[in-house]
>>> print(open('input-v9.cif').read())   # mmCIF, C-alpha atoms, pLDDT in the B column; chains and numbers go by the auth columns
data_input
loop_
_atom_site.group_PDB
_atom_site.id
_atom_site.type_symbol
_atom_site.label_atom_id
_atom_site.label_comp_id
_atom_site.label_asym_id
_atom_site.label_seq_id
_atom_site.Cartn_x
_atom_site.Cartn_y
_atom_site.Cartn_z
_atom_site.B_iso_or_equiv
_atom_site.auth_seq_id
_atom_site.auth_asym_id
ATOM 1 C CA MET A 1 -2.189 0.379 -32.917 66.00 1 H
ATOM 2 C CA ASP A 2 -5.646 1.367 -31.752 72.00 2 H
ATOM 3 C CA LEU A 3 -6.471 4.074 -29.229 74.00 3 H
ATOM 4 C CA HIS A 4 -7.055 1.600 -26.386 73.00 4 H
ATOM 5 C CA SER A 5 -3.613 0.013 -26.868 76.00 5 H
ATOM 6 C CA ALA A 6 -1.925 3.396 -27.006 75.00 6 H
ATOM 7 C CA ARG A 7 -3.682 4.496 -23.826 75.00 7 H
ATOM 8 C CA ARG A 8 -2.715 1.252 -22.076 71.00 8 H
ATOM 9 C CA ILE A 9 0.949 1.720 -23.050 73.00 9 H
ATOM 10 C CA ALA A 10 0.907 5.329 -21.832 71.00 10 H
ATOM 11 C CA GLU A 11 -0.678 4.277 -18.520 69.00 11 H
ATOM 12 C CA ALA A 12 1.892 1.511 -18.070 67.00 12 H
ATOM 13 C CA GLU A 13 4.766 3.920 -18.620 68.00 13 H
ATOM 14 C CA ALA A 14 3.256 6.479 -16.242 65.00 14 H
ATOM 15 C CA ALA A 15 2.685 3.782 -13.611 59.00 15 H
ATOM 16 C CA ARG A 16 6.239 2.480 -13.945 64.00 16 H
ATOM 17 C CA THR A 17 7.914 5.857 -13.528 67.00 17 H
ATOM 18 C CA GLY A 18 7.320 8.593 -11.006 68.00 18 H
ATOM 19 C CA LEU A 19 4.152 8.556 -8.984 71.00 19 H
ATOM 20 C CA GLY A 20 1.983 7.118 -11.735 74.00 20 H
ATOM 21 C CA THR A 21 -1.685 7.908 -12.141 77.00 21 H
ATOM 22 C CA GLY A 22 -4.974 6.911 -10.547 84.00 22 H
ATOM 23 C CA PRO A 23 -4.832 4.201 -7.880 88.00 23 H
ATOM 24 C CA ASN A 24 -1.069 3.751 -8.346 88.00 24 H
ATOM 25 C CA ARG A 25 -0.521 7.378 -7.403 88.00 25 H
ATOM 26 C CA ARG A 26 -2.812 7.143 -4.386 90.00 26 H
ATOM 27 C CA LEU A 27 -1.053 4.042 -3.046 90.00 27 H
ATOM 28 C CA ARG A 28 2.425 5.459 -3.617 89.00 28 H
ATOM 29 C CA LEU A 29 1.525 8.734 -1.912 90.00 29 H
ATOM 30 C CA THR A 30 0.057 6.788 0.992 91.00 30 H
ATOM 31 C CA LEU A 31 3.319 4.901 1.341 89.00 31 H
ATOM 32 C CA PHE A 32 5.644 7.864 0.760 89.00 32 H
ATOM 33 C CA ILE A 33 3.818 10.056 3.252 88.00 33 H
ATOM 34 C CA GLY A 34 2.958 7.451 5.878 89.00 34 H
ATOM 35 C CA MET A 35 6.278 5.650 6.224 89.00 35 H
ATOM 36 C CA PRO A 36 8.798 8.505 6.586 90.00 36 H
ATOM 37 C CA PHE A 37 6.365 10.457 8.760 91.00 37 H
ATOM 38 C CA ILE A 38 7.633 8.372 11.664 92.00 38 H
ATOM 39 C CA PHE A 39 10.683 10.630 11.979 93.00 39 H
ATOM 40 C CA PRO A 40 8.728 13.859 12.559 93.00 40 H
ATOM 41 C CA VAL A 41 6.484 11.912 14.936 93.00 41 H
ATOM 42 C CA ILE A 42 9.505 10.814 16.975 92.00 42 H
ATOM 43 C CA GLY A 43 10.722 14.419 16.984 94.00 43 H
ATOM 44 C CA ILE A 44 7.331 15.659 18.133 94.00 44 H
ATOM 45 C CA MET A 45 7.268 13.007 20.871 93.00 45 H
ATOM 46 C CA ILE A 46 10.625 14.308 22.126 94.00 46 H
ATOM 47 C CA LEU A 47 9.424 17.915 22.154 95.00 47 H
ATOM 48 C CA VAL A 48 5.968 17.569 23.703 95.00 48 H
ATOM 49 C CA PRO A 49 5.395 17.197 27.419 95.00 49 H
ATOM 50 C CA ALA A 50 5.487 13.647 28.761 94.00 50 H
ATOM 51 C CA PHE A 51 1.716 13.455 29.280 95.00 51 H
ATOM 52 C CA LEU A 52 1.102 14.057 25.532 94.00 52 H
ATOM 53 C CA ARG A 53 3.611 11.533 24.140 93.00 53 H
ATOM 54 C CA ASN A 54 1.212 8.616 24.170 94.00 54 H
ATOM 55 C CA ASP A 55 -1.425 10.702 22.397 95.00 55 H
ATOM 56 C CA VAL A 56 1.010 11.549 19.578 94.00 56 H
ATOM 57 C CA LEU A 57 1.931 7.877 19.323 94.00 57 H
ATOM 58 C CA TYR A 58 -1.712 6.784 19.176 95.00 58 H
ATOM 59 C CA VAL A 59 -2.475 9.275 16.402 95.00 59 H
ATOM 60 C CA TYR A 60 0.395 7.948 14.281 94.00 60 H
ATOM 61 C CA GLU A 61 -0.609 4.349 14.964 94.00 61 H
ATOM 62 C CA ALA A 62 -4.136 5.182 13.844 95.00 62 H
ATOM 63 C CA GLY A 63 -2.576 6.670 10.711 94.00 63 H
ATOM 64 C CA ILE A 64 -0.756 3.394 10.003 94.00 64 H
ATOM 65 C CA ILE A 65 -4.016 1.494 10.345 94.00 65 H
ATOM 66 C CA GLY A 66 -5.709 4.039 8.060 94.00 66 H
ATOM 67 C CA CYS A 67 -2.989 3.599 5.436 93.00 67 H
ATOM 68 C CA LEU A 68 -3.363 -0.181 5.521 94.00 68 H
ATOM 69 C CA LEU A 69 -7.134 0.163 5.233 95.00 69 H
ATOM 70 C CA HIS A 70 -6.602 2.362 2.180 95.00 70 H
ATOM 71 C CA TYR A 71 -4.639 -0.491 0.609 95.00 71 H
ATOM 72 C CA VAL A 72 -7.507 -2.862 1.386 95.00 72 H
ATOM 73 C CA TRP A 73 -9.981 -0.418 -0.162 96.00 73 H
ATOM 74 C CA VAL A 74 -7.990 -0.179 -3.407 95.00 74 H
ATOM 75 C CA PHE A 75 -7.676 -3.982 -3.524 95.00 75 H
ATOM 76 C CA ALA A 76 -11.448 -4.263 -3.087 95.00 76 H
ATOM 77 C CA LYS A 77 -11.945 -1.893 -6.046 95.00 77 H
ATOM 78 C CA TYR A 78 -9.589 -3.969 -8.225 93.00 78 H
ATOM 79 C CA PRO A 79 -9.829 -7.539 -6.934 90.00 79 H
ATOM 80 C CA ARG A 80 -8.964 -9.272 -10.235 89.00 80 H
ATOM 81 C CA TYR A 81 -5.465 -9.073 -11.683 87.00 81 H
ATOM 82 C CA GLU A 82 -6.807 -8.663 -15.214 86.00 82 H
ATOM 83 C CA GLY A 83 -8.849 -5.616 -14.218 86.00 83 H
ATOM 84 C CA ARG A 84 -6.029 -3.768 -12.475 87.00 84 H
ATOM 85 C CA PRO A 85 -4.034 -0.923 -13.957 86.00 85 H
ATOM 86 C CA PRO A 86 -0.413 -1.807 -14.754 83.00 86 H
ATOM 87 C CA TYR A 87 1.886 -2.206 -11.735 86.00 87 H
ATOM 88 C CA LEU A 88 -0.994 -1.972 -9.257 89.00 88 H
ATOM 89 C CA THR A 89 -0.256 -5.431 -7.861 90.00 89 H
ATOM 90 C CA ARG A 90 3.283 -4.317 -7.062 90.00 90 H
ATOM 91 C CA ASP A 91 2.010 -1.144 -5.435 91.00 91 H
ATOM 92 C CA LEU A 92 -0.513 -3.124 -3.385 93.00 92 H
ATOM 93 C CA ALA A 93 2.236 -5.399 -2.100 93.00 93 H
ATOM 94 C CA MET A 94 4.256 -2.351 -1.041 91.00 94 H
ATOM 95 C CA GLY A 95 1.800 -1.939 1.831 92.00 95 H
ATOM 96 C CA GLY A 96 4.051 -4.377 3.660 92.00 96 H
ATOM 97 C CA GLY A 97 6.459 -1.474 4.050 92.00 97 H
ATOM 98 C CA PHE A 98 4.479 -0.251 7.034 94.00 98 H
ATOM 99 C CA PHE A 99 6.173 -3.048 8.955 95.00 99 H
ATOM 100 C CA LEU A 100 9.266 -0.897 9.569 93.00 100 H
ATOM 101 C CA PRO A 101 7.583 2.083 11.250 93.00 101 H
ATOM 102 C CA SER A 102 5.452 -0.337 13.249 94.00 102 H
ATOM 103 C CA LEU A 103 8.579 -2.171 14.342 94.00 103 H
ATOM 104 C CA MET A 104 10.285 1.084 15.337 92.00 104 H
ATOM 105 C CA LEU A 105 7.331 2.023 17.535 91.00 105 H
ATOM 106 C CA GLY A 106 6.587 -1.452 18.863 91.00 106 H
ATOM 107 C CA PHE A 107 3.113 -1.286 17.335 93.00 107 H
ATOM 108 C CA TRP A 108 2.319 -4.985 17.161 94.00 108 H
ATOM 109 C CA PRO A 109 -0.921 -4.735 15.106 93.00 109 H
ATOM 110 C CA GLY A 110 1.093 -3.044 12.346 93.00 110 H
ATOM 111 C CA MET A 111 3.932 -5.555 12.708 95.00 111 H
ATOM 112 C CA ILE A 112 1.425 -8.331 12.024 96.00 112 H
ATOM 113 C CA ALA A 113 -0.886 -6.638 9.515 95.00 113 H
ATOM 114 C CA ALA A 114 1.722 -5.153 7.155 95.00 114 H
ATOM 115 C CA PRO A 115 3.612 -8.367 6.281 95.00 115 H
ATOM 116 C CA ALA A 116 0.357 -10.327 6.317 96.00 116 H
ATOM 117 C CA TRP A 117 -1.030 -7.863 3.768 95.00 117 H
ATOM 118 C CA ALA A 118 1.982 -8.232 1.462 94.00 118 H
ATOM 119 C CA LEU A 119 1.731 -12.014 1.767 96.00 119 H
ATOM 120 C CA PHE A 120 -2.004 -11.894 0.998 95.00 120 H
ATOM 121 C CA VAL A 121 -1.449 -9.832 -2.164 95.00 121 H
ATOM 122 C CA GLY A 122 1.311 -12.188 -3.290 93.00 122 H
ATOM 123 C CA VAL A 123 -0.775 -15.304 -2.699 94.00 123 H
ATOM 124 C CA ALA A 124 -3.807 -13.770 -4.434 93.00 124 H
ATOM 125 C CA TYR A 125 -1.628 -12.938 -7.441 92.00 125 H
ATOM 126 C CA ALA A 126 -0.097 -16.433 -7.528 92.00 126 H
ATOM 127 C CA VAL A 127 -3.526 -18.071 -7.333 92.00 127 H
ATOM 128 C CA GLU A 128 -4.884 -15.953 -10.193 89.00 128 H
ATOM 129 C CA VAL A 129 -1.855 -16.618 -12.390 88.00 129 H
ATOM 130 C CA THR A 130 -2.040 -20.345 -11.654 89.00 130 H
ATOM 131 C CA ARG A 131 -5.769 -20.465 -12.343 84.00 131 H
ATOM 132 C CA GLY A 132 -5.236 -18.541 -15.585 78.00 132 H
ATOM 133 C CA ARG A 133 -2.639 -21.020 -16.801 73.00 133 H
ATOM 134 C CA ASN A 134 -4.866 -23.975 -16.006 73.00 134 H
ATOM 135 C CA GLY A 135 -7.744 -22.498 -17.972 64.00 135 H
ATOM 136 C CA HIS A 136 -10.015 -21.818 -14.961 60.00 136 H
ATOM 137 C CA ARG A 137 -11.891 -18.563 -15.203 55.00 137 H
#
>>> encode(input="input-v9.cif", output="structure tokens")
Amino acid sequence: MDLHSARRIAEAEAARTGLGTGPNRRLRLTLFIGMPFIFPVIGIMILVPAFLRNDVLYVYEAGIIGCLLHYVWVFAKYPRYEGRPPYLTRDLAMGGGFFLPSLMLGFWPGMIAAPAWALFVGVAYAVEVTRGRNGHR
């Protein structure tokens, strides 16, 4: 086994377990911080005066959009399946998880963008796999 193969195996194992490394870690942290943060936001909205509730909501909604844009940025850095680190396609598709906090808040741009993003990643993966099997490169 050469050094490149050993490194690739180590990266795959790190990406599969825990937070991973590199872009996998960034995407997982984006998801793990952004999604459950809805509960403190709801608590803050209960505690702040009524005139500030919409402002707190808008800040969190902007955060959801920022998280989804981060997923787009990582996809743009690794557009081809062959050039992605192991498990990155799975982590990219997990951006669809922002549907739930968007649904809880009634944030319709997030309710549309999050599942559309997961569908886009899945279709892009299916197209690349199909093209690879047919010999198109």
>>> closest_residue(input="input-v9.cif", among="H:Val41, H:Met94, H:Ala124, H:Leu3", to="Pro79 (chain H)", atoms="all atoms listed in the file")
H:Ala124
>>> closest_residue(input="input-v9.cif", among="H:Val56, H:Ala93, H:Ile46, H:Ala118", to="Leu27 (chain H)", atoms="all atoms listed in the file")
H:Ala93
>>> atom_distance(input="input-v9.cif", atom1="CA of Ala116 (chain H)", atom2="CA of Tyr71 (chain H)")
12.4 Å
>>> atom_distance(input="input-v9.cif", atom1="CA of Pro36 (chain H)", atom2="CA of Leu103 (chain H)")
13.2 Å
>>> atom_distance(input="input-v9.cif", atom1="CA of Trp73 (chain H)", atom2="CA of Arg133 (chain H)")
27.5 Å
>>> residues_around(input="input-v9.cif", residues="Pro101 (chain H)", least_positions_apart="6", cutoff="12 Å", atoms="only C-alpha atoms", output="NGL selection string")
:H and (31 or 33-42 or 57 or 60-61 or 63-65 or 95 or 107-111 or 114)
>>> residues_near_point(input="input-v9.cif", point="(-3.4, -14.8, -13.7)", cutoff="12 Å", atoms="all atoms listed in the file", output="PyMOL selection string")
chain H and resi 79-84+89+122-137
>>> resolve_selection(input="input-v9.cif", expression="the PyMOL selection byres ((chain H and resi 28) around 10)", output="JSON, numbers by chain")
{"H": [18, 19, 20, 21, 23, 24, 25, 26, 27, 29, 30, 31, 32, 33, 34, 88, 91, 92, 94, 95]}
>>> closest_residue(input="input-v9.cif", among="H:Tyr58, H:Ile9, H:Tyr87, H:Ile44", to="Gly106 (chain H)", atoms="all atoms listed in the file")
H:Tyr58
